[in-house]
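K.L.:
Handing over input.pdb, PDB, C-alpha atoms and all ligand atoms.
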```
MODEL        1
ATOM      1  CA  MET X  15       4.490  -8.845   7.279
ATOM      2  CA  ALA X  16       4.534 -12.049   9.338
ATOM      3  CA  GLY X  17       1.959 -14.756  10.125
ATOM      4  CA  GLY X  18       1.307 -18.463  10.545
ATOM      5  CA  ASP X  19       0.425 -21.278   8.155
ATOM      6  CA  GLY X  20      -3.179 -21.500   9.349
ATOM      7  CA  ASP X  21      -3.473 -17.743   9.027
ATOM      8  CA  GLY X  22      -1.921 -17.228   5.571
ATOM      9  CA  TYR X  23      -2.502 -20.550   3.847
ATOM     10  CA  GLY X  24      -5.977 -21.223   5.291
ATOM     11  CA  ILE X  25      -7.975 -18.350   6.766
ATOM     12  CA  GLY X  26      -6.335 -15.659   4.596
ATOM     13  CA  ILE X  27      -5.492 -17.646   1.477
ATOM     14  CA  GLY X  28      -7.560 -15.398  -0.809
ATOM     15  CA  HIS X  29      -5.651 -12.307   0.282
ATOM     16  CA  PHE X  30      -2.375 -14.210  -0.058
ATOM     17  CA  VAL X  31      -3.020 -15.205  -3.689
ATOM     18  CA  LEU X  32      -4.341 -11.784  -4.720
ATOM     19  CA  ALA X  33      -1.386  -9.938  -3.168
ATOM     20  CA  MET X  34       0.983 -12.137  -5.204
ATOM     21  CA  ARG X  35      -1.011 -11.672  -8.396
ATOM     22  CA  ARG X  36      -0.652  -7.903  -7.941
ATOM     23  CA  ASN X  37       3.078  -8.141  -7.191
ATOM     24  CA  ILE X  38       2.599  -5.794  -4.244
ATOM     25  CA  ASP X  39       5.982  -4.686  -2.910
ATOM     26  CA  LEU X  40       5.735  -6.668   0.315
ATOM     27  CA  THR X  41       7.754  -9.296   2.181
ATOM     28  CA  TYR X  42       5.558 -11.999   3.692
ATOM     29  CA  ILE X  43       7.200 -14.259   6.273
ATOM     30  CA  VAL X  44       5.121 -17.320   7.178
ATOM     31  CA  MET X  45       6.086 -19.241  10.312
ATOM     32  CA  ASN X  46       5.002 -22.644   9.048
ATOM     33  CA  ASN X  47       4.697 -25.225  11.840
ATOM     34  CA  GLN X  48       2.104 -27.302   9.924
ATOM     35  CA  ILE X  49      -0.461 -26.909  12.720
ATOM     36  CA  TYR X  50      -2.873 -24.406  14.267
ATOM     37  CA  GLY X  51      -0.708 -23.817  17.337
ATOM     38  CA  LEU X  52      -2.405 -20.994  19.224
ATOM     39  CA  THR X  53      -5.745 -22.791  19.247
ATOM     40  CA  THR X  54      -3.945 -25.858  20.692
ATOM     41  CA  GLY X  55      -3.298 -28.208  17.805
ATOM     42  CA  GLN X  56      -5.790 -28.509  14.957
ATOM     43  CA  ALA X  57      -4.778 -29.544  11.412
ATOM     44  CA  SER X  58      -3.721 -26.691   9.131
ATOM     45  CA  PRO X  59      -3.502 -26.580   5.312
ATOM     46  CA  THR X  60       0.148 -27.698   5.511
ATOM     47  CA  THR X  61      -0.407 -30.627   7.892
ATOM     48  CA  ASP X  62       0.862 -33.830   6.269
ATOM     49  CA  MET X  63      -1.707 -36.467   5.289
ATOM     50  CA  GLY X  64      -2.235 -39.080   7.979
ATOM     51  CA  THR X  65      -1.207 -36.783  10.834
ATOM     52  CA  LYS X  66      -3.364 -37.180  13.927
ATOM     53  CA  THR X  67      -4.378 -33.864  15.462
ATOM     54  CA  LYS X  68      -7.207 -32.652  17.695
ATOM     55  CA  SER X  69      -9.354 -31.978  14.631
ATOM     56  CA  THR X  70      -8.224 -35.112  12.760
ATOM     57  CA  PRO X  71      -8.166 -37.858  15.445
ATOM     58  CA  GLU X  72      -8.047 -40.585  12.785
ATOM     59  CA  GLY X  73      -5.431 -38.825  10.671
ATOM     60  CA  GLU X  74      -5.552 -35.923   8.167
ATOM     61  CA  ILE X  75      -7.368 -36.970   4.991
ATOM     62  CA  GLU X  76      -6.903 -33.726   3.020
ATOM     63  CA  LYS X  77      -3.880 -33.138   0.780
ATOM     64  CA  PRO X  78      -1.557 -30.403   2.037
ATOM     65  CA  ILE X  79      -1.176 -27.288  -0.067
ATOM     66  CA  ASN X  80       2.291 -26.509  -1.416
ATOM     67  CA  PRO X  81       3.021 -22.852  -0.559
ATOM     68  CA  ILE X  82       6.092 -22.627  -2.794
ATOM     69  CA  ALA X  83       4.246 -23.964  -5.861
ATOM     70  CA  LEU X  84       1.198 -21.815  -5.065
ATOM     71  CA  ALA X  85       3.366 -18.689  -4.819
ATOM     72  CA  LEU X  86       5.115 -19.479  -8.099
ATOM     73  CA  VAL X  87       1.914 -19.952 -10.110
ATOM     74  CA  SER X  88       0.236 -16.948  -8.467
ATOM     75  CA  GLY X  89       2.856 -14.474  -9.660
ATOM     76  CA  ALA X  90       5.142 -13.918  -6.654
ATOM     77  CA  THR X  91       8.467 -12.580  -7.902
ATOM     78  CA  TYR X  92      10.621 -13.893  -5.004
ATOM     79  CA  VAL X  93       9.848 -17.315  -3.553
ATOM     80  CA  ALA X  94      11.995 -18.795  -0.808
ATOM     81  CA  ARG X  95      12.020 -21.198   2.106
ATOM     82  CA  ALA X  96      13.991 -21.189   5.324
ATOM     83  CA  PHE X  97      14.294 -23.390   8.416
ATOM     84  CA  SER X  98      14.473 -22.036  11.957
ATOM     85  CA  GLY X  99      17.169 -24.640  12.734
ATOM     86  CA  ASP X 100      19.472 -22.736  10.334
ATOM     87  CA  PRO X 101      19.059 -19.112  11.515
ATOM     88  CA  ASN X 102      22.068 -17.656   9.668
ATOM     89  CA  HIS X 103      20.732 -18.944   6.356
ATOM     90  CA  MET X 104      17.241 -17.699   7.255
ATOM     91  CA  THR X 105      18.655 -14.219   7.915
ATOM     92  CA  GLU X 106      20.219 -14.112   4.433
ATOM     93  CA  VAL X 107      17.009 -15.327   2.761
ATOM     94  CA  ILE X 108      14.876 -12.728   4.604
ATOM     95  CA  LYS X 109      17.402  -9.965   3.892
ATOM     96  CA  ARG X 110      17.257 -10.688   0.156
ATOM     97  CA  ALA X 111      13.442 -10.837   0.352
ATOM     98  CA  ILE X 112      13.273  -7.362   1.875
ATOM     99  CA  GLN X 113      15.684  -6.000  -0.729
ATOM    100  CA  HIS X 114      13.597  -7.533  -3.540
ATOM    101  CA  ARG X 115      11.207  -5.139  -5.299
ATOM    102  CA  GLY X 116       7.813  -6.859  -5.587
ATOM    103  CA  PHE X 117       6.069  -9.630  -3.644
ATOM    104  CA  SER X 118       8.384 -11.938  -1.715
ATOM    105  CA  LEU X 119       7.308 -15.049   0.174
ATOM    106  CA  VAL X 120       9.579 -16.617   2.778
ATOM    107  CA  ASP X 121       8.008 -19.840   3.984
ATOM    108  CA  CYS X 122       9.822 -20.616   7.248
ATOM    109  CA  PHE X 123       9.643 -24.104   8.656
ATOM    110  CA  SER X 124       9.536 -23.443  12.391
ATOM    111  CA  PRO X 125       8.596 -26.662  14.205
ATOM    112  CA  CYS X 126       5.936 -26.502  16.917
ATOM    113  CA  VAL X 127       7.511 -28.367  19.836
ATOM    114  CA  THR X 128       4.164 -28.705  21.644
ATOM    115  CA  TYR X 129       1.549 -29.761  19.067
ATOM    116  CA  ASN X 130       3.503 -31.235  16.164
ATOM    117  CA  LYS X 131       5.441 -34.316  17.212
ATOM    118  CA  ILE X 132       6.057 -35.426  13.627
ATOM    119  CA  ASN X 133       7.714 -32.513  11.797
ATOM    120  CA  THR X 134      10.280 -31.934  14.545
ATOM    121  CA  TYR X 135      13.748 -30.337  14.481
ATOM    122  CA  PRO X 136      15.481 -33.755  14.029
ATOM    123  CA  TRP X 137      12.958 -34.651  11.282
ATOM    124  CA  PHE X 138      13.886 -31.482   9.354
ATOM    125  CA  ARG X 139      17.629 -31.768  10.041
ATOM    126  CA  GLN X 140      17.659 -35.142   8.271
ATOM    127  CA  ARG X 141      15.988 -33.674   5.186
ATOM    128  CA  VAL X 142      16.917 -30.039   4.563
ATOM    129  CA  TYR X 143      19.646 -28.951   2.191
ATOM    130  CA  ARG X 144      20.571 -25.527   0.872
ATOM    131  CA  LEU X 145      19.688 -24.618  -2.700
ATOM    132  CA  GLU X 146      22.630 -22.234  -2.810
ATOM    133  CA  GLY X 147      25.584 -24.168  -4.208
ATOM    134  CA  SER X 148      23.363 -27.078  -5.390
ATOM    135  CA  GLY X 149      23.351 -25.960  -9.027
ATOM    136  CA  HIS X 150      19.801 -24.590  -8.875
ATOM    137  CA  ASP X 151      19.155 -21.610 -11.168
ATOM    138  CA  ALA X 152      16.756 -19.274  -9.309
ATOM    139  CA  SER X 153      15.955 -17.363 -12.507
ATOM    140  CA  ASP X 154      14.470 -20.538 -14.077
ATOM    141  CA  PHE X 155      10.712 -20.711 -13.342
ATOM    142  CA  ASN X 156      10.256 -24.348 -14.406
ATOM    143  CA  ALA X 157      13.264 -25.492 -12.386
ATOM    144  CA  ALA X 158      11.824 -23.668  -9.369
ATOM    145  CA  LEU X 159       8.450 -25.390  -9.822
ATOM    146  CA  ALA X 160      10.123 -28.797 -10.038
ATOM    147  CA  LYS X 161      12.087 -28.067  -6.850
ATOM    148  CA  ALA X 162       8.832 -27.168  -5.093
ATOM    149  CA  PHE X 163       7.745 -30.812  -5.378
ATOM    150  CA  GLU X 164      10.876 -32.467  -3.958
ATOM    151  CA  GLU X 165       9.462 -32.944  -0.441
ATOM    152  CA  PRO X 166       9.287 -34.938   1.758
ATOM    153  CA  ALA X 167      12.309 -37.069   0.846
ATOM    154  CA  LYS X 168      14.488 -33.957   0.551
ATOM    155  CA  ILE X 169      13.554 -30.451   1.600
ATOM    156  CA  PRO X 170      15.314 -27.645  -0.258
ATOM    157  CA  ILE X 171      15.729 -24.363   1.599
ATOM    158  CA  GLY X 172      16.844 -21.089   0.065
ATOM    159  CA  VAL X 173      15.720 -19.041  -2.918
ATOM    160  CA  PHE X 174      13.628 -21.114  -5.344
ATOM    161  CA  TYR X 175      12.844 -18.242  -7.671
ATOM    162  CA  GLU X 176      13.620 -14.588  -8.161
ATOM    163  CA  LYS X 177      12.350 -12.532 -11.062
ATOM    164  CA  LEU X 178      13.831  -9.088 -11.355
ATOM    165  CA  GLY X 179      12.314  -6.116 -13.138
ATOM    166  CA  ASP X 180       8.582  -6.935 -13.022
ATOM    167  CA  PRO X 181       6.657  -3.750 -12.245
ATOM    168  CA  THR X 182       5.004  -3.656  -8.830
ATOM    169  CA  TYR X 183       1.370  -2.791  -8.148
ATOM    170  CA  GLU X 184       2.464   0.497  -6.626
ATOM    171  CA  GLU X 185       4.368   1.405  -9.790
ATOM    172  CA  LEU X 186       1.441   0.513 -12.087
ATOM    173  CA  ASP X 187      -1.500   1.992 -10.184
ATOM    174  CA  PRO X 188      -2.171   5.427 -11.764
ATOM    175  CA  SER X 189      -3.364   7.023  -8.524
ATOM    176  CA  ILE X 190      -0.576   5.703  -6.287
ATOM    177  CA  ARG X 191       2.001   6.516  -8.972
ATOM    178  CA  THR X 192       0.872  10.118  -9.230
ATOM    179  CA  HIS X 193      -0.325  10.974  -5.725
ATOM    180  CA  GLY X 194       1.164   8.323  -3.404
ATOM    181  CA  PRO X 195      -0.870   6.081  -1.067
ATOM    182  CA  ALA X 196      -4.531   7.108  -0.660
ATOM    183  CA  VAL X 197      -4.120   7.249   3.117
ATOM    184  CA  ARG X 198      -1.583  10.082   2.752
ATOM    185  CA  GLN X 199      -3.605  12.125   0.266
ATOM    186  CA  ARG X 200      -5.204  15.361   1.390
ATOM    187  CA  LEU X 201      -8.975  15.409   1.134
ATOM    188  CA  GLY X 202      -9.003  19.028   0.013
ATOM    189  CA  LEU X 203     -11.980  19.782   2.268
ATOM    190  CA  THR X 204     -12.335  22.498   4.901
ATOM    191  CA  PRO X 205     -12.992  21.302   8.485
ATOM    192  CA  GLU X 206     -16.643  22.361   8.045
ATOM    193  CA  GLU X 207     -16.980  20.391   4.798
ATOM    194  CA  GLN X 208     -15.361  17.332   6.438
ATOM    195  CA  LYS X 209     -17.832  17.569   9.334
ATOM    196  CA  ALA X 210     -20.794  17.872   6.963
ATOM    197  CA  LEU X 211     -19.539  14.901   4.914
ATOM    198  CA  LEU X 212     -19.166  12.730   8.016
ATOM    199  CA  GLN X 213     -22.589  13.835   9.224
ATOM    200  CA  SER X 214     -24.142  12.772   5.922
ATOM    201  CA  PHE X 215     -23.075   9.176   6.566
ATOM    202  CA  LEU X 216     -24.629   8.990  10.050
TER     203      LEU X 216
HETATM  204  C1  LIG C   1     -10.471 -14.902  11.030
HETATM  205  C2  LIG C   1     -10.039 -15.696  12.234
HETATM  206  N1  LIG C   1     -10.437 -16.973  12.367
HETATM  207  C3  LIG C   1     -10.059 -17.695  13.427
HETATM  208  C4  LIG C   1      -9.240 -17.140  14.378
HETATM  209  C5  LIG C   1      -8.852 -17.945  15.596
HETATM  210  N2  LIG C   1      -7.447 -18.292  15.583
HETATM  211  C6  LIG C   1      -6.534 -17.584  16.289
HETATM  212  S1  LIG C   1      -4.994 -18.218  16.148
HETATM  213  C7  LIG C   1      -5.537 -19.459  15.138
HETATM  214  C8  LIG C   1      -4.597 -20.501  14.628
HETATM  215  C9  LIG C   1      -3.487 -19.888  13.886
HETATM  216  O1  LIG C   1      -2.654 -20.888  13.378
HETATM  217  P1  LIG C   1      -1.358 -20.479  12.598
HETATM  218  O2  LIG C   1      -1.650 -19.325  11.713
HETATM  219  O3  LIG C   1      -0.808 -21.711  11.976
HETATM  220  O4  LIG C   1      -0.397 -19.917  13.752
HETATM  221  P2  LIG C   1       0.343 -20.716  14.939
HETATM  222  O5  LIG C   1      -0.479 -20.514  16.177
HETATM  223  O6  LIG C   1       0.473 -22.150  14.556
HETATM  224  O7  LIG C   1       1.690 -20.038  15.025
HETATM  225  C10 LIG C   1      -6.912 -19.356  14.919
HETATM  226  C11 LIG C   1      -7.731 -20.295  14.119
HETATM  227  C12 LIG C   1      -8.828 -15.806  14.193
HETATM  228  N3  LIG C   1      -8.011 -15.187  15.047
HETATM  229  N4  LIG C   1      -9.230 -15.103  13.124
HETATM  230 MG    MG C   2       0.804 -22.781  12.566
ENDMDL
END
```
Since I need it in another form, could you write the structure as structure tokens?

P.N.:
Amino acid sequence: MAGGDGDGYGIGIGHFVLAMRRNIDLTYIVMNNQIYGLTTGQASPTTDMGTKTKSTPEGEIEKPINPIALALVSGATYVARAFSGDPNHMTEVIKRAIQHRGFSLVDCFSPCVTYNKINTYPWFRQRVYRLEGSGHDASDFNAALAKAFEEPAKIPIGVFYEKLGDPTYEELDPSIRTHGPAVRQRLGLTPEEQKALLQSFL
């Protein structure tokens, strides 16, 4: 599943947190440009403080949310970040996310060249470094949480955290486990009974 920062970290943040808490077997790729792009440049939940946007003409006064930290404390079992200026690395991070069993978040910094003149490609290039090969242990929850707060001086990209073996929602739910997804289950009704049932709701 893919979306934007305004979409997943603002408008749909409740769904985001609850999907992680359930460890639903899903890969969620967020194209994070730190702005509401489609609606032409309003502040989003990841806009840096002080940033002037159409909705914050005197500068953003709200603290940005930290998607990596939020994912870690909400129960996501794979938490990673990528940068669109390093597409080969991003491919590896997304590939591992899809292979992971359970909820995986890939927060992808993908600068908006039209409405965000601060967090630009050169701005990121000066700050990003790969976690792989840096000595970071992705099985260590507390180390991952500490890494999540390294910005903005340095911006780690790669896999912050991966927990293997946690059961997924699909594996725990008695109905899904036994019968598969509800949408694929047969109603067990004759066409006449189905018609009568539908009619009763109208
Ligand atoms: C529930 C809901 N509220 C508001 C909108 C209007 N809307 C469409 S796109 C958008 C901004 C999305 O920003 P983001 O998710 O960061 O994506 P970007 O355009 O930056 O890639 C908004 C507010 C909507 N489509 N749905
Ligand atoms: Mg956006």

K.L.:
List the residues selected by the PyMOL selection byres (((not hetatm)) within 12 of (chain C and resi 2)) in the file shown, writing them as a VMD selection string.

P.N.:
chain X and resid 16 to 25 44 to 61 121 to 130 133

K.L.:
Using all atoms listed in the file, which of the listed residues (X:Ala96, X:Gly116, X:Val107, X:Asp62) sits closest to Pro181 of chain X?

P.N.:
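Once distances to Pro181 of chain X are computed over all atoms listed in the file, the minimum belongs to X:Gly116.
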
K.L.:
From the options X:Leu216, X:Ser69, X:Leu84, X:Tyr135, which residue's atoms come nearest to ligand LIG 1 (chain C), counting all atoms listed in the file?

P.N.:
X:Ser69

K.L.:
Between atom CA of Asp39 of chain X and atom P1 of ligand LIG 1 (chain C), what is the distance, to one decimal in Å?

P.N.:
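Distance reported for this atom pair: 23.3 Å.
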
K.L.:
Can you tell me which residues surround segment 35-38 of chain X at a distance of at most 8 Å, considering all atoms listed in the file, apart from same-chain residues fewer than 5 positions away, and format the answer as a tab-separated table (two decimals) with C-alpha atoms, in the coordinates of the input?

P.N.:
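Writing done, so here's result_0.tsv:
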```tsv
chain	number	residue	atom	x	y	z
X	88	SER	CA	0.24	-16.95	-8.47
X	89	GLY	CA	2.86	-14.47	-9.66
X	90	ALA	CA	5.14	-13.92	-6.65
X	91	THR	CA	8.47	-12.58	-7.90
X	116	GLY	CA	7.81	-6.86	-5.59
X	117	PHE	CA	6.07	-9.63	-3.64
X	181	PRO	CA	6.66	-3.75	-12.24
X	182	THR	CA	5.00	-3.66	-8.83
X	183	TYR	CA	1.37	-2.79	-8.15
X	184	GLU	CA	2.46	0.50	-6.63
```

K.L.:
Using Å and a single decimal, report how far atom CA of Ala162 of chain X sits from atom CA of Ile82 of chain X.

P.N.:
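That distance, rounded to one decimal, is 5.8 Å.
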
K.L.:
One decimal, in Å: what's the spacing between atom CA of Phe138 of chain X and atom CA of Lys77 of chain X?

P.N.:
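About the pair atom CA of Phe138 of chain X and atom CA of Lys77 of chain X: they are 19.8 Å apart.
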
K.L.:
Selection in question (the file shown): the PyMOL selection byres (((chain X and resi 153) around 7) and not hetatm). Which residues does it include, as an mmCIF file with C-alpha atoms, in the frame of the given file?

P.N.:
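Saved result, expr-v1.cif, follows:
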```cif
data_model
loop_
_atom_site.group_PDB
_atom_site.id
_atom_site.type_symbol
_atom_site.label_atom_id
_atom_site.label_comp_id
_atom_site.auth_asym_id
_atom_site.auth_seq_id
_atom_site.Cartn_x
_atom_site.Cartn_y
_atom_site.Cartn_z
ATOM 1 C CA ASP X 151 19.155 -21.610 -11.168
ATOM 2 C CA ALA X 152 16.756 -19.274 -9.309
ATOM 3 C CA ASP X 154 14.470 -20.538 -14.077
ATOM 4 C CA PHE X 155 10.712 -20.711 -13.342
ATOM 5 C CA TYR X 175 12.844 -18.242 -7.671
ATOM 6 C CA GLU X 176 13.620 -14.588 -8.161
ATOM 7 C CA LYS X 177 12.350 -12.532 -11.062
#
```

K.L.:
Return the single residue from X:Leu145, X:Leu186, X:Ile27, X:Met63 that is closest to ligand LIG 1 (chain C), with distances computed using only C-alpha atoms and all ligand atoms.

P.N.:
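Nearest candidate to ligand LIG 1 (chain C) out of X:Leu145, X:Leu186, X:Ile27, X:Met63: X:Ile27.
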
K.L.:
Have a look at X:Pro195, X:Ile43, X:Glu106, X:Phe163 and name the one nearest to ligand LIG 1 (chain C); count only C-alpha atoms and all ligand atoms.

P.N.:
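Of all the options, X:Ile43 lies closest to ligand LIG 1 (chain C).
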
K.L.:
Please enclose the listed atoms of segment 117-136 of chain X in an axis-aligned box, pad each side by 5 Å, and write out the centre and the three edge lengths in Å, rounded to one decimal, as lines of an AutoDock Vina configuration file.

P.N.:
```
center_x = 8.5
center_y = -22.5
center_z = 9.0
size_x = 23.9
size_y = 35.8
size_z = 35.3
```

K.L.:
Of the residues X:Gly26, X:Gly99, X:Pro188, X:Gly73, which is the one nearest to Trp137 of chain X, using all atoms listed in the file?

P.N.:
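Among the listed residues, the smallest separation from Trp137 of chain X belongs to X:Gly99.
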
K.L.:
Using the chain letters and numbers from this file, what does the PyMOL selection byres (((chain X and resi 172) around 12) and not hetatm) select? Give the answer as a ChimeraX atom specification.

P.N.:
/X:82,92-97,100-111,119-123,142-148,150-152,158,161-162,169-171,173-176

K.L.:
When you count all atoms listed in the file, which of these residues is closest to Arg139 of chain X: X:Ala167, X:Ile79, X:Leu212, X:Ile112?

P.N.:
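Among the listed residues, the smallest separation from Arg139 of chain X belongs to X:Ala167.
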
K.L.:
Any chance you could model N, CA and C atoms for segment 100-131 of chain X and send them as a PDB file, in the coordinates of the input?

P.N.:
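Writing done, so here's result17.pdb:
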```pdb
ATOM      1  N   ASP X 100      18.310 -23.285  11.052  1.00  0.00           N
ATOM      2  CA  ASP X 100      19.472 -22.736  10.334  1.00  0.00           C
ATOM      3  C   ASP X 100      19.290 -21.206  10.264  1.00  0.00           C
ATOM      4  N   PRO X 101      19.409 -20.540  11.437  1.00  0.00           N
ATOM      5  CA  PRO X 101      19.059 -19.112  11.515  1.00  0.00           C
ATOM      6  C   PRO X 101      19.941 -18.189  10.674  1.00  0.00           C
ATOM      7  N   ASN X 102      21.203 -18.526  10.484  1.00  0.00           N
ATOM      8  CA  ASN X 102      22.068 -17.656   9.668  1.00  0.00           C
ATOM      9  C   ASN X 102      21.594 -17.641   8.217  1.00  0.00           C
ATOM     10  N   HIS X 103      21.256 -18.826   7.723  1.00  0.00           N
ATOM     11  CA  HIS X 103      20.732 -18.944   6.356  1.00  0.00           C
ATOM     12  C   HIS X 103      19.393 -18.204   6.242  1.00  0.00           C
ATOM     13  N   MET X 104      18.550 -18.369   7.259  1.00  0.00           N
ATOM     14  CA  MET X 104      17.241 -17.699   7.255  1.00  0.00           C
ATOM     15  C   MET X 104      17.411 -16.176   7.186  1.00  0.00           C
ATOM     16  N   THR X 105      18.392 -15.666   7.913  1.00  0.00           N
ATOM     17  CA  THR X 105      18.655 -14.219   7.915  1.00  0.00           C
ATOM     18  C   THR X 105      18.983 -13.735   6.508  1.00  0.00           C
ATOM     19  N   GLU X 106      19.832 -14.485   5.803  1.00  0.00           N
ATOM     20  CA  GLU X 106      20.219 -14.112   4.433  1.00  0.00           C
ATOM     21  C   GLU X 106      19.014 -14.121   3.491  1.00  0.00           C
ATOM     22  N   VAL X 107      18.178 -15.170   3.634  1.00  0.00           N
ATOM     23  CA  VAL X 107      17.009 -15.327   2.761  1.00  0.00           C
ATOM     24  C   VAL X 107      16.005 -14.186   3.000  1.00  0.00           C
ATOM     25  N   ILE X 108      15.817 -13.810   4.272  1.00  0.00           N
ATOM     26  CA  ILE X 108      14.876 -12.728   4.604  1.00  0.00           C
ATOM     27  C   ILE X 108      15.450 -11.381   4.154  1.00  0.00           C
ATOM     28  N   LYS X 109      16.758 -11.220   4.317  1.00  0.00           N
ATOM     29  CA  LYS X 109      17.402  -9.965   3.892  1.00  0.00           C
ATOM     30  C   LYS X 109      17.205  -9.743   2.384  1.00  0.00           C
ATOM     31  N   ARG X 110      17.452 -10.792   1.616  1.00  0.00           N
ATOM     32  CA  ARG X 110      17.257 -10.688   0.156  1.00  0.00           C
ATOM     33  C   ARG X 110      15.797 -10.425  -0.190  1.00  0.00           C
ATOM     34  N   ALA X 111      14.885 -11.035   0.595  1.00  0.00           N
ATOM     35  CA  ALA X 111      13.442 -10.837   0.352  1.00  0.00           C
ATOM     36  C   ALA X 111      13.068  -9.373   0.553  1.00  0.00           C
ATOM     37  N   ILE X 112      13.594  -8.771   1.588  1.00  0.00           N
ATOM     38  CA  ILE X 112      13.273  -7.362   1.875  1.00  0.00           C
ATOM     39  C   ILE X 112      13.865  -6.459   0.794  1.00  0.00           C
ATOM     40  N   GLN X 113      15.038  -6.812   0.321  1.00  0.00           N
ATOM     41  CA  GLN X 113      15.684  -6.000  -0.729  1.00  0.00           C
ATOM     42  C   GLN X 113      14.986  -6.157  -2.079  1.00  0.00           C
ATOM     43  N   HIS X 114      14.276  -7.281  -2.259  1.00  0.00           N
ATOM     44  CA  HIS X 114      13.597  -7.533  -3.540  1.00  0.00           C
ATOM     45  C   HIS X 114      12.456  -6.542  -3.739  1.00  0.00           C
ATOM     46  N   ARG X 115      12.312  -6.047  -4.968  1.00  0.00           N
ATOM     47  CA  ARG X 115      11.207  -5.139  -5.299  1.00  0.00           C
ATOM     48  C   ARG X 115      10.079  -5.973  -5.884  1.00  0.00           C
ATOM     49  N   GLY X 116       8.930  -6.015  -5.178  1.00  0.00           N
ATOM     50  CA  GLY X 116       7.813  -6.859  -5.587  1.00  0.00           C
ATOM     51  C   GLY X 116       7.464  -7.816  -4.459  1.00  0.00           C
ATOM     52  N   PHE X 117       6.517  -8.736  -4.718  1.00  0.00           N
ATOM     53  CA  PHE X 117       6.069  -9.630  -3.644  1.00  0.00           C
ATOM     54  C   PHE X 117       7.093 -10.727  -3.362  1.00  0.00           C
ATOM     55  N   SER X 118       7.481 -10.851  -2.090  1.00  0.00           N
ATOM     56  CA  SER X 118       8.384 -11.938  -1.715  1.00  0.00           C
ATOM     57  C   SER X 118       7.753 -12.781  -0.618  1.00  0.00           C
ATOM     58  N   LEU X 119       7.775 -14.098  -0.843  1.00  0.00           N
ATOM     59  CA  LEU X 119       7.308 -15.049   0.174  1.00  0.00           C
ATOM     60  C   LEU X 119       8.519 -15.756   0.774  1.00  0.00           C
ATOM     61  N   VAL X 120       8.590 -15.765   2.114  1.00  0.00           N
ATOM     62  CA  VAL X 120       9.579 -16.617   2.778  1.00  0.00           C
ATOM     63  C   VAL X 120       8.803 -17.575   3.677  1.00  0.00           C
ATOM     64  N   ASP X 121       8.680 -18.802   3.211  1.00  0.00           N
ATOM     65  CA  ASP X 121       8.008 -19.840   3.984  1.00  0.00           C
ATOM     66  C   ASP X 121       9.054 -20.406   4.946  1.00  0.00           C
ATOM     67  N   CYS X 122       8.805 -20.220   6.252  1.00  0.00           N
ATOM     68  CA  CYS X 122       9.822 -20.616   7.248  1.00  0.00           C
ATOM     69  C   CYS X 122       9.349 -21.813   8.054  1.00  0.00           C
ATOM     70  N   PHE X 123       9.970 -22.958   7.823  1.00  0.00           N
ATOM     71  CA  PHE X 123       9.643 -24.104   8.656  1.00  0.00           C
ATOM     72  C   PHE X 123      10.137 -23.819  10.066  1.00  0.00           C
ATOM     73  N   SER X 124       9.187 -23.756  10.996  1.00  0.00           N
ATOM     74  CA  SER X 124       9.536 -23.443  12.391  1.00  0.00           C
ATOM     75  C   SER X 124       8.756 -24.403  13.282  1.00  0.00           C
ATOM     76  N   PRO X 125       9.334 -25.590  13.536  1.00  0.00           N
ATOM     77  CA  PRO X 125       8.596 -26.662  14.205  1.00  0.00           C
ATOM     78  C   PRO X 125       7.916 -26.245  15.512  1.00  0.00           C
ATOM     79  N   CYS X 126       6.679 -26.733  15.672  1.00  0.00           N
ATOM     80  CA  CYS X 126       5.936 -26.502  16.917  1.00  0.00           C
ATOM     81  C   CYS X 126       6.306 -27.643  17.864  1.00  0.00           C
ATOM     82  N   VAL X 127       7.006 -27.307  18.944  1.00  0.00           N
ATOM     83  CA  VAL X 127       7.511 -28.367  19.836  1.00  0.00           C
ATOM     84  C   VAL X 127       6.416 -28.926  20.738  1.00  0.00           C
ATOM     85  N   THR X 128       5.246 -28.262  20.759  1.00  0.00           N
ATOM     86  CA  THR X 128       4.164 -28.705  21.644  1.00  0.00           C
ATOM     87  C   THR X 128       3.126 -29.560  20.913  1.00  0.00           C
ATOM     88  N   TYR X 129       2.687 -29.101  19.723  1.00  0.00           N
ATOM     89  CA  TYR X 129       1.549 -29.761  19.067  1.00  0.00           C
ATOM     90  C   TYR X 129       1.901 -30.524  17.793  1.00  0.00           C
ATOM     91  N   ASN X 130       3.143 -30.449  17.349  1.00  0.00           N
ATOM     92  CA  ASN X 130       3.503 -31.235  16.164  1.00  0.00           C
ATOM     93  C   ASN X 130       4.690 -32.123  16.523  1.00  0.00           C
ATOM     94  N   LYS X 131       4.396 -33.373  16.792  1.00  0.00           N
ATOM     95  CA  LYS X 131       5.441 -34.316  17.212  1.00  0.00           C
ATOM     96  C   LYS X 131       6.016 -35.086  16.023  1.00  0.00           C
TER      97      LYS X 131
END
```
